[in-house]
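Colleague: So here's structure_33.txt (compact mmCIF, C-alpha atoms).
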# COMPACT_ATOMS: atom_id res chain seq x y z
CA MET C 1 49.05 -29.53 41.18
CA ASP C 2 49.81 -26.74 38.78
CA LEU C 3 52.17 -26.66 35.85
CA GLY C 4 54.96 -25.05 37.86
CA GLY C 5 55.00 -27.93 40.36
CA ILE C 6 55.16 -30.48 37.60
CA LEU C 7 58.02 -28.69 35.93
CA LEU C 8 59.87 -28.42 39.27
CA ILE C 9 59.54 -32.16 39.88
CA SER C 10 60.63 -32.97 36.37
CA GLY C 11 63.61 -30.62 36.68
CA GLY C 12 64.67 -32.20 40.00
CA ALA C 13 64.45 -35.70 38.56
CA LEU C 14 66.53 -34.73 35.55
CA ALA C 15 69.14 -33.07 37.81
CA ALA C 16 69.39 -36.23 39.93
CA ILE C 17 69.86 -38.38 36.83
CA ALA C 18 72.54 -36.01 35.56
CA ALA C 19 74.40 -36.12 38.91
CA ILE C 20 74.32 -39.92 39.02
CA LEU C 21 75.59 -40.22 35.48
CA TYR C 22 78.39 -37.74 36.22
CA ILE C 23 79.51 -39.70 39.29
CA ASP C 24 79.51 -42.93 37.31
CA TRP C 25 81.53 -41.33 34.57
CA ARG C 26 84.08 -40.04 37.03
CA VAL C 27 84.46 -43.46 38.65
CA GLN C 28 84.99 -45.26 35.38
CA HIS C 29 87.54 -42.79 34.04
CA LYS C 30 89.72 -42.49 37.09
CA LYS C 31 93.43 -43.42 36.40
CA PRO C 32 94.71 -46.68 37.72
CA ALA C 33 97.72 -44.98 39.24
CA GLU C 34 95.44 -42.89 41.27
CA THR C 35 93.58 -45.96 42.43
CA GLU C 36 96.72 -47.47 43.77
CA PRO C 37 97.29 -46.71 47.38
CA THR C 38 99.99 -44.22 47.84
CA ILE C 39 102.50 -44.59 50.49
CA PRO C 40 103.54 -41.40 51.95
CA LYS C 41 107.25 -40.88 51.93
CA ALA C 42 107.21 -39.45 55.30
CA ALA C 43 106.27 -42.87 56.59
CA GLU C 44 109.74 -44.31 55.82
CA PRO C 45 111.67 -43.44 58.86
CA SER C 46 114.25 -46.09 58.28
CA ARG C 47 115.34 -49.19 56.50
CA PRO C 48 113.49 -51.68 58.66
CA ALA C 49 110.59 -49.49 58.46
CA GLN C 50 111.05 -49.43 54.82
CA GLY C 51 111.03 -53.19 54.79
CA ILE C 52 107.89 -53.34 56.75
CA SER C 53 106.35 -50.81 54.60
CA GLN C 54 107.47 -52.71 51.62
CA ILE C 55 105.96 -55.82 53.01
CA ALA C 56 102.78 -54.03 53.93
CA ARG C 57 102.62 -52.58 50.51
CA GLU C 58 103.10 -55.93 49.02
CA ASP C 59 100.44 -57.37 51.27
CA VAL C 60 98.14 -54.59 50.41
CA GLU C 61 98.89 -55.10 46.81
CA HIS C 62 98.44 -58.78 47.43
CA ILE C 63 95.04 -58.18 49.06
CA PHE C 64 93.92 -55.42 46.80
CA ASN C 65 95.09 -57.03 43.66
CA ASP C 66 93.51 -56.47 40.31
CA GLU C 67 90.94 -59.23 40.71
CA PHE C 68 89.81 -57.81 44.04
CA ARG C 69 89.65 -54.40 42.63
CA GLU C 70 87.79 -55.66 39.68
CA GLU C 71 85.44 -57.41 42.03
CA LEU C 72 84.91 -54.24 43.99
CA ARG C 73 84.46 -52.33 40.85
CA ASN C 74 81.92 -54.82 39.67
CA ARG C 75 80.12 -54.71 42.94
CA GLY C 76 80.12 -50.96 42.90
CA ARG C 77 78.90 -50.98 39.35
CA LEU C 78 76.14 -53.42 40.21
CA HIS C 79 75.18 -51.43 43.26
CA PHE C 80 75.25 -48.28 41.26
CA GLU C 81 73.23 -49.88 38.51
CA LYS C 82 70.78 -51.06 41.12
CA ILE C 83 70.48 -47.61 42.53
CA ILE C 84 70.21 -46.21 39.06
CA GLY C 85 67.55 -48.79 38.20
CA GLU C 86 65.57 -48.06 41.32
CA ASN C 87 65.83 -44.34 40.77
CA ALA C 88 64.98 -44.83 37.15
CA MET C 89 61.95 -46.85 38.15
CA PHE C 90 60.91 -44.18 40.62
CA LEU C 91 61.63 -41.57 38.05
CA GLN C 92 59.67 -43.52 35.50
CA GLN C 93 56.80 -43.84 37.90
CA ASP C 94 57.01 -40.16 38.70
CA LEU C 95 57.24 -39.33 35.07
CA ARG C 96 54.34 -41.60 34.26
CA GLN C 97 52.31 -40.12 37.06
CA THR C 98 53.33 -36.66 36.07
CA THR C 99 52.51 -37.40 32.49
CA THR C 100 49.18 -38.81 33.51
CA GLN C 101 48.46 -35.81 35.68
CA LEU C 102 49.70 -33.55 32.97
CA ASN C 103 47.49 -35.27 30.42
CA GLU C 104 44.59 -35.12 32.81
CA TYR C 105 45.27 -31.49 33.51
CA MET C 106 45.69 -30.71 29.87
CA ARG C 107 42.56 -32.64 29.04
CA THR C 108 40.65 -30.84 31.75
CA GLU C 109 41.96 -27.48 30.72
CA ILE C 110 41.41 -28.12 27.04
CA THR C 111 37.96 -29.48 27.79
CA ARG C 112 37.13 -26.50 29.95
CA THR C 113 38.52 -24.07 27.37
CA LEU C 114 36.73 -25.86 24.60
CA GLN C 115 33.54 -25.87 26.59
CA ILE C 116 33.87 -22.15 27.23
CA GLU C 117 34.63 -21.52 23.59
CA PHE C 118 31.83 -23.82 22.53
CA LYS C 119 29.48 -21.99 24.88
CA LYS C 120 30.61 -18.68 23.42
CA TYR C 121 30.28 -20.07 19.92
CA GLU C 122 26.89 -21.50 20.75
CA GLN C 123 25.83 -18.19 22.25
CA SER C 124 27.07 -16.39 19.16
CA ILE C 125 25.21 -18.83 16.95
CA THR C 126 22.11 -18.42 19.10
CA ASP C 127 22.39 -14.64 18.91
CA ALA C 128 22.97 -14.74 15.18
CA LYS C 129 20.07 -17.12 14.80
CA GLN C 130 17.85 -14.85 16.87
CA LEU C 131 18.95 -11.85 14.85
CA ALA C 132 18.27 -13.71 11.65
CA LEU C 133 14.88 -14.80 12.95
CA ASP C 134 14.06 -11.25 14.00
CA SER C 135 15.18 -9.94 10.64
CA ILE C 136 13.19 -12.59 8.82
CA GLU C 137 10.17 -11.85 10.97
CA LYS C 138 10.47 -8.15 10.27
CA THR C 139 10.91 -8.85 6.60
CA VAL C 140 7.90 -11.13 6.59
CA THR C 141 5.86 -8.51 8.42
CA THR C 142 6.95 -5.82 6.00
CA ILE C 143 6.24 -8.03 3.02
CA GLU C 144 2.84 -8.87 4.43
CA GLN C 145 2.07 -5.20 4.95
CA GLN C 146 3.28 -4.37 1.46
CA ARG C 147 1.23 -7.22 0.08
CA GLN C 148 -1.90 -6.04 1.86
CA LEU C 149 -1.28 -2.47 0.73
CA LEU C 150 -0.64 -3.60 -2.82
CA GLU C 151 -3.68 -5.83 -2.75
CA SER C 152 -5.82 -2.97 -1.48
CA GLN C 153 -4.42 -0.61 -4.10
CA MET C 154 -4.91 -3.15 -6.84
CA GLN C 155 -8.46 -3.83 -5.73
CA ASN C 156 -9.24 -0.12 -5.64
CA GLN C 157 -7.58 0.41 -8.98
CA ALA C 158 -9.37 -2.56 -10.49
CA GLU C 159 -12.68 -1.34 -9.08
CA THR C 160 -12.06 2.17 -10.39
CA GLN C 161 -10.98 0.87 -13.76
CA ARG C 162 -13.97 -1.44 -13.93
CA ASN C 163 -16.33 1.41 -13.12
CA GLN C 164 -14.62 3.60 -15.69
CA ILE C 165 -14.90 0.88 -18.30
CA ILE C 166 -18.56 0.35 -17.49
CA ASP C 167 -19.29 4.07 -17.57
CA ARG C 168 -17.36 4.48 -20.79
CA PHE C 169 -19.08 1.46 -22.25
CA GLU C 170 -22.49 2.80 -21.31
CA ALA C 171 -21.74 6.25 -22.68
CA GLN C 172 -20.11 4.94 -25.82
CA MET C 173 -22.82 2.35 -26.29
CA ALA C 174 -25.52 5.00 -26.06
CA ARG C 175 -23.59 7.21 -28.47
CA ILE C 176 -23.07 4.33 -30.87
CA VAL C 177 -26.72 3.39 -30.82
CA ASN C 178 -27.78 7.00 -31.23
CA HIS C 179 -25.31 7.49 -34.06
CA TYR C 180 -26.45 4.31 -35.71
CA VAL C 181 -30.13 5.30 -35.44
CA MET C 182 -29.44 8.76 -36.80
CA GLN C 183 -27.34 7.39 -39.63
CA ALA C 184 -29.95 4.78 -40.39
CA ILE C 185 -33.02 6.98 -40.43
CA GLY C 186 -31.64 10.51 -40.57
CA ASN C 187 -31.76 10.87 -44.31
CA GLN C 188 -34.92 8.87 -44.71
CA ILE C 189 -37.25 11.25 -42.86
CA ASP C 190 -38.57 14.19 -44.82
CA LEU C 191 -38.80 17.52 -43.05
CA SER C 192 -42.49 17.67 -43.86
CA ASP C 193 -42.94 14.47 -41.93
CA GLN C 194 -41.02 15.97 -39.03
CA LEU C 195 -43.27 19.03 -38.80
CA GLU C 196 -45.60 17.46 -36.31
CA PHE C 197 -42.67 16.43 -34.12
CA ILE C 198 -41.04 19.86 -34.43
CA LEU C 199 -44.26 21.70 -33.67
CA GLY C 200 -44.81 19.50 -30.70
CA GLU C 201 -41.35 20.28 -29.42
CA LEU C 202 -41.89 23.99 -30.04
CA GLU C 203 -45.17 23.80 -28.17
CA SER C 204 -43.48 22.14 -25.23
CA ASN C 205 -40.78 24.83 -25.18
CA LYS C 206 -43.12 27.69 -25.98
CA ALA C 207 -42.97 29.36 -22.61
CA ALA C 208 -39.20 29.27 -22.48
CA ILE C 209 -38.88 30.62 -25.99
CA ILE C 210 -41.26 33.50 -25.28
CA GLU C 211 -39.49 34.26 -22.05
CA ASP C 212 -36.09 34.35 -23.64
CA ILE C 213 -37.24 36.45 -26.57
CA LYS C 214 -38.91 38.95 -24.27
CA HIS C 215 -35.83 39.30 -22.11
CA GLY C 216 -33.31 38.93 -24.88
CA SER C 217 -34.73 41.40 -27.35
CA MET I 218 -52.32 66.52 -56.13
CA ALA I 219 -51.76 62.99 -55.00
CA ARG I 220 -54.63 60.84 -53.88
CA SER I 221 -54.44 59.48 -50.42
CA ILE I 222 -55.72 55.94 -50.03
CA PRO I 223 -56.50 54.98 -46.43
CA VAL I 224 -54.67 52.01 -44.98
CA LYS I 225 -57.01 49.06 -44.60
CA ALA I 226 -55.07 47.13 -42.03
CA ASN I 227 -54.48 48.59 -38.62
CA VAL I 228 -51.75 46.14 -37.85
CA PHE I 229 -49.03 45.50 -40.33
CA ILE I 230 -49.13 41.91 -41.47
CA LEU I 231 -45.86 40.25 -42.36
CA PRO I 232 -46.58 37.41 -44.75
CA PRO I 233 -45.09 34.07 -43.87
CA GLN I 234 -43.04 34.11 -47.04
CA VAL I 235 -40.91 36.80 -45.47
CA ASN I 236 -38.60 34.77 -43.33
CA GLY I 237 -35.84 36.94 -42.07
CA ARG I 238 -33.90 40.14 -42.32
CA THR I 239 -32.52 39.12 -45.67
CA ASP I 240 -35.99 39.05 -47.14
CA ILE I 241 -36.87 42.35 -45.50
CA ASN I 242 -33.72 43.95 -46.84
CA ARG I 243 -34.52 42.57 -50.25
CA LEU I 244 -38.03 44.07 -50.00
CA LEU I 245 -36.62 47.41 -48.94
CA ARG I 246 -34.19 47.46 -51.83
CA GLU I 247 -36.98 46.52 -54.17
CA LEU I 248 -39.13 49.32 -52.78
CA GLU I 249 -36.32 51.80 -53.34
CA ALA I 250 -35.83 50.57 -56.87
CA LEU I 251 -39.56 50.80 -57.47
CA GLU I 252 -39.57 54.33 -56.11
CA GLU I 253 -36.82 55.38 -58.47
CA THR I 254 -38.50 53.64 -61.35
CA LEU I 255 -41.80 55.33 -60.70
CA ILE I 256 -40.12 58.73 -60.34
CA THR I 257 -38.34 58.50 -63.65
CA LYS I 258 -41.18 56.81 -65.47
CA ALA I 259 -43.60 59.05 -67.25
CA ALA I 260 -46.63 56.86 -66.89
CA LYS I 261 -47.26 56.19 -63.23
CA ASP I 262 -50.40 54.13 -63.59
CA ASN I 263 -48.79 50.81 -64.38
CA LEU I 264 -46.43 48.91 -62.19
CA PRO I 265 -43.24 47.59 -63.70
CA SER I 266 -43.36 43.92 -64.53
CA LYS I 267 -40.30 42.95 -62.51
CA ILE I 268 -41.91 43.34 -59.08
CA THR I 269 -41.50 40.20 -57.05
CA SER I 270 -44.33 38.18 -55.66
CA LEU I 271 -42.97 38.71 -52.16
CA LEU I 272 -43.53 42.44 -52.39
CA ASN I 273 -46.88 41.94 -53.98
CA GLN I 274 -47.99 39.57 -51.24
CA THR I 275 -46.79 41.96 -48.59
CA ALA I 276 -48.75 44.79 -50.13
CA LEU I 277 -51.84 42.67 -50.69
CA ALA I 278 -51.78 41.24 -47.18
CA ASN I 279 -51.89 44.71 -45.77
CA GLY I 280 -54.18 46.28 -48.41
CA TYR I 281 -51.54 48.59 -49.79
CA LYS I 282 -51.16 49.69 -53.33
CA LEU I 283 -47.65 49.85 -54.55
CA LEU I 284 -48.47 52.68 -56.95
CA GLU I 285 -49.21 54.91 -54.02
CA LYS I 286 -46.16 56.59 -52.66
CA THR I 287 -47.51 56.89 -49.16
CA HIS I 288 -48.29 53.19 -49.13
CA ARG I 289 -44.82 52.38 -50.31
CA GLN I 290 -43.37 54.62 -47.67
CA HIS I 291 -45.58 53.05 -45.05
CA ILE I 292 -44.51 49.59 -46.11
CA ALA I 293 -40.86 50.65 -46.00
CA GLN I 294 -41.27 52.18 -42.59
CA GLN I 295 -42.93 49.10 -41.22
CA LEU I 296 -40.38 46.80 -42.75
CA THR I 297 -37.55 48.90 -41.42
CA LYS I 298 -39.07 48.89 -37.99
CA ILE I 299 -39.54 45.14 -38.12
CA ARG I 300 -36.01 44.63 -39.38
CA ASP I 301 -34.56 46.70 -36.58
CA HIS I 302 -36.69 45.54 -33.70
CA ALA I 303 -38.27 42.19 -34.47
CA PRO I 304 -36.82 39.18 -32.65
CA THR I 305 -34.89 36.73 -34.71
CA VAL I 306 -34.53 33.08 -33.96
CA HIS I 307 -32.09 30.75 -35.61
CA ILE I 308 -33.37 27.36 -36.65
CA SER I 309 -31.03 24.64 -37.90
CA PHE I 310 -32.17 21.64 -39.89
CA ALA I 311 -30.41 18.60 -41.20
CA ALA I 312 -31.31 19.57 -44.76
CA GLU I 313 -32.65 22.57 -46.57
CA PRO I 314 -36.28 22.95 -45.51
CA SER I 315 -38.98 23.38 -48.07
CA PRO I 316 -40.90 26.71 -48.17
CA LYS I 317 -43.92 24.93 -46.79
CA VAL I 318 -42.00 23.84 -43.71
CA THR I 319 -40.56 27.30 -43.24
CA GLU I 320 -43.91 28.96 -43.59
CA THR I 321 -45.51 26.55 -41.16
CA LEU I 322 -42.88 27.20 -38.55
CA LEU I 323 -43.06 30.95 -39.12
CA SER I 324 -46.79 30.90 -38.81
CA TRP I 325 -46.51 29.09 -35.53
CA LEU I 326 -43.85 31.46 -34.26
CA ARG I 327 -45.77 34.57 -35.29
CA SER I 328 -48.99 33.32 -33.82
CA ASN I 329 -47.50 31.99 -30.57
CA VAL I 330 -44.28 33.85 -29.87
CA HIS I 331 -44.12 37.20 -31.60
CA ARG I 332 -46.12 38.83 -34.33
CA TYR I 333 -43.06 39.75 -36.35
CA ALA I 334 -40.73 36.94 -35.44
CA LEU I 335 -38.02 36.37 -38.00
CA VAL I 336 -36.04 33.26 -38.61
CA GLN I 337 -32.62 32.49 -39.90
CA ILE I 338 -32.31 29.06 -41.40
CA GLY I 339 -29.13 27.05 -40.87
CA LEU I 340 -27.92 23.61 -41.79
CA GLN I 341 -26.54 21.00 -39.39
CA PRO I 342 -26.46 17.56 -40.99
CA ALA I 343 -25.43 16.04 -37.67
CA ILE I 344 -28.83 16.56 -36.10
CA ALA I 345 -30.34 14.07 -38.59
CA ALA I 346 -33.92 14.86 -37.73
CA GLY I 347 -35.80 17.58 -35.91
CA CYS I 348 -34.30 21.02 -35.50
CA VAL I 349 -32.23 23.16 -33.19
CA LEU I 350 -33.77 26.50 -32.27
CA ARG I 351 -31.51 29.20 -30.94
CA THR I 352 -32.94 32.27 -29.25
CA PRO I 353 -30.78 35.19 -28.17
CA ASN I 354 -29.85 33.48 -24.93
CA LYS I 355 -30.84 29.84 -25.20
CA ILE I 356 -30.55 26.85 -27.42
CA PHE I 357 -33.48 24.49 -27.72
CA ASP I 358 -32.24 21.23 -29.10
CA MET I 359 -35.30 19.56 -30.58
CA SER I 360 -33.33 17.13 -32.70
CA LEU I 361 -33.55 13.37 -32.80
CA GLY I 362 -30.07 13.13 -31.31
CA ALA I 363 -31.15 15.12 -28.27
CA THR I 364 -34.26 13.00 -27.92
CA LEU I 365 -32.18 9.84 -28.08
CA GLN I 366 -29.72 11.33 -25.62
CA LYS I 367 -32.58 11.98 -23.22
CA GLN I 368 -33.59 8.37 -23.62
CA THR I 369 -30.06 7.11 -22.83
CA PRO I 370 -30.99 5.84 -19.33
CA TYR I 371 -33.82 3.87 -20.84
CA LEU I 372 -31.43 2.49 -23.47
CA LEU I 373 -28.92 1.54 -20.78
CA GLU I 374 -31.66 -0.12 -18.81
CA LEU I 375 -32.58 -2.13 -21.86
CA LEU I 376 -28.94 -3.07 -22.39
CA LYS I 377 -28.52 -4.18 -18.78
CA THR I 378 -31.71 -6.19 -18.95
CA ALA I 379 -30.49 -7.83 -22.13
CA ALA I 380 -27.08 -8.53 -20.57
CA LEU I 381 -28.68 -10.07 -17.47
CA ASP I 382 -31.02 -12.19 -19.54
CA ALA I 383 -28.23 -13.39 -21.81
CA PRO I 384 -27.13 -17.00 -21.16
CA GLY I 385 -23.78 -17.31 -19.45
CA PRO I 386 -20.84 -19.35 -20.69
CA GLY I 387 -21.73 -22.22 -18.37
CA THR I 388 -25.33 -22.53 -19.54
CA ILE I 389 -26.45 -26.10 -19.95
CA ALA I 390 -27.98 -26.79 -23.33
CA PRO I 391 -31.30 -28.53 -23.54
CA ALA I 392 -31.24 -32.21 -24.23
CA GLY I 393 -30.53 -33.03 -27.84
CA LEU I 394 -29.00 -29.63 -28.66
CA PRO I 395 -25.36 -28.55 -28.48
CA THR I 396 -24.54 -25.46 -26.47
CA GLY I 397 -24.06 -23.29 -29.57
CA GLN I 398 -27.63 -23.90 -30.70
CA VAL I 399 -29.31 -22.68 -27.54
CA GLY I 400 -31.97 -20.16 -28.40
CA LYS I 401 -31.68 -20.66 -32.11
CA PRO I 402 -34.83 -21.63 -34.01
Rewrite the coordinates I just gave you, this time as structure tokens.

Modeller:
Amino acid sequence: MDLGGILLISGGALAAIAAILYIDWRVQHKKPAETEPTIPKAAEPSRPAQGISQIAREDVEHIFNDEFREELRNRGRLHFEKIIGENAMFLQQDLRQTTTQLNEYMRTEITRTLQIEFKKYEQSITDAKQLALDSIEKTVTTIEQQRQLLESQMQNQAETQRNQIIDRFEAQMARIVNHYVMQAIGNQIDLSDQLEFILGELESNKAAIIEDIKHGS
Amino acid sequence: MARSIPVKANVFILPPQVNGRTDINRLLRELEALEETLITKAAKDNLPSKITSLLNQTALANGYKLLEKTHRQHIAQQLTKIRDHAPTVHISFAAEPSPKVTETLLSWLRSNVHRYALVQIGLQPAIAAGCVLRTPNKIFDMSLGATLQKQTPYLLELLKTAALDAPGPGTIAPAGLPTGQVGKP
């Protein structure tokens, strides 16, 4: 049953209740003069007839006196109340059933909608999570690559710097030692004592000296 | 008529006291002055007393007599020729060399390299010991610094050996001695 059917049933029940209440109101507010039986004037053809009519009227009034009318009214009211009660019970049952169905329908619809929304939300969360994981994985990969590159560069730079320091140390150390030796003994050696060394060096370079002098002069 | 005295030496000998062009120029100027003196002087048999020993040695080494004009001219010609054509080498020392050192080197050069080799003495205190000889196109560094520089690989080898033999920071000291006393007497 859809929502339109439920609303149609509810509308019909409310219309029935309204009709019953209107009829009851009309019965209770009817004028007593109207309730009295009217005797048509055309029914008085003559005096005897008028007497009979008068008697009949009196008998009618005697039969349908106020107590009888009250009795009838009470019966009608009770009957009406019974009908109203029964209808109200049916209406209540219908309303309860309708309410139950409506609640069930609403619960089902809400549940279904919520489930759909939850599925969408869950899918969105899953997508976002996957995107975040992908992004984190890419970031981790990039960081790892950068780290490896940096590590390689730092190792190369450290190796280069170490070699430079060693080379510089060796060169400077040799220069320092040479400078120290020359400073220590340079002024202590007389040129006469160096003659043998100088002549030896000249002898070892003799050919080159002669060659250069021959070609240079 | 002037007497002509034959030249005793066939080859002009440049005494080792004559080092370079400066000395030769000085000798040439002295010869010119002597020539003028002898021209103006009335008595030509005695030499003036201010003749330097360098000129005297040059004349004696070659058997010339300075009173003879032709000998003086021959000496001047030879000196001029030597000045203009003789090779010159530049030798730098750490300090001013003594004449003995200069003469020894010149003797070696003139006996081994060129008969009339001339030298120009320079000073380079940085070379400490030895000398630096510069020919027209080359430099022969025969100093102590160059010798030490040539021995640099050997020095580095010694340094590396010493560094490898040195005890490391984690060296365990012998029993009864703290670490700081390892190797000490």

Colleague: Would you kindly report the residues of chain I within 7 Å of chain C, using only C-alpha atoms, as a list of chain:residue names?

Modeller: I:Pro304, I:Pro314, I:Val318, I:Val330, I:Ala345, I:Ala346, I:Gly347, I:Cys348, I:Thr352, I:Pro353, I:Asn354, I:Met359, I:Gly362, I:Leu365, I:Thr369, I:Leu372, I:Leu373

Colleague: How far is it from atom CA of Asn87 of chain C to atom CA of Ala16 of chain C, in Å with one decimal?

Modeller: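 Atom CA of Asn87 of chain C sits 8.9 Å away from atom CA of Ala16 of chain C.
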
Colleague: If you measure from atom CA of Gln274 of chain I to atom CA of Thr254 of chain I, what distance in Å do you get, rounded to one decimal?

Modeller: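 Between atom CA of Gln274 of chain I and atom CA of Thr254 of chain I the gap works out to 19.8 Å.
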
Colleague: List the spatial neighbours of segment 67-84 of chain C as a PDB file with C-alpha atoms, in the coordinates of the input - criterion: any atom at most 10 Å away, only C-alpha atoms, same-chain residues fewer than 3 positions off excluded.

Modeller:
ATOM      1  CA  ILE C  17      69.860 -38.380  36.830  1.00  0.00           C
ATOM      2  CA  ILE C  20      74.320 -39.920  39.020  1.00  0.00           C
ATOM      3  CA  LEU C  21      75.590 -40.220  35.480  1.00  0.00           C
ATOM      4  CA  ILE C  23      79.510 -39.700  39.290  1.00  0.00           C
ATOM      5  CA  ASP C  24      79.510 -42.930  37.310  1.00  0.00           C
ATOM      6  CA  VAL C  27      84.460 -43.460  38.650  1.00  0.00           C
ATOM      7  CA  GLN C  28      84.990 -45.260  35.380  1.00  0.00           C
ATOM      8  CA  THR C  35      93.580 -45.960  42.430  1.00  0.00           C
ATOM      9  CA  GLU C  36      96.720 -47.470  43.770  1.00  0.00           C
ATOM     10  CA  GLU C  61      98.890 -55.100  46.810  1.00  0.00           C
ATOM     11  CA  HIS C  62      98.440 -58.780  47.430  1.00  0.00           C
ATOM     12  CA  ILE C  63      95.040 -58.180  49.060  1.00  0.00           C
ATOM     13  CA  PHE C  64      93.920 -55.420  46.800  1.00  0.00           C
ATOM     14  CA  ASN C  87      65.830 -44.340  40.770  1.00  0.00           C
ATOM     15  CA  ALA C  88      64.980 -44.830  37.150  1.00  0.00           C
ATOM     16  CA  MET C  89      61.950 -46.850  38.150  1.00  0.00           C
ATOM     17  CA  PHE C  90      60.910 -44.180  40.620  1.00  0.00           C
ATOM     18  CA  LEU C  91      61.630 -41.570  38.050  1.00  0.00           C
TER      19      LEU C  91
END

Colleague: Given 3 Å on each side, where is the centre and what are the edge lengths in Å to one decimal of the axis-aligned box enclosing the listed atoms of segment 123-126 of chain C, as AutoDock Vina command-line options?

Modeller:
--center_x 24.6 --center_y -17.6 --center_z 19.6 --size_x 11.0 --size_y 8.4 --size_z 11.3

Colleague: Under the rule that only C-alpha atoms are counted, which of I:Ile308, I:Leu375, I:Ala293, I:Ile241 is the nearest residue to Phe357 of chain I?

Modeller: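 Between I:Ile308, I:Leu375, I:Ala293, I:Ile241, the residue approaching Phe357 of chain I most closely is I:Ile308.
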
Colleague: Quick one: distance from atom CA of Ile176 of chain C to atom CA of Gln366 of chain I in Å, one decimal?

Modeller: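 Spanning atom CA of Ile176 of chain C to atom CA of Gln366 of chain I is a straight-line distance of 11.0 Å.
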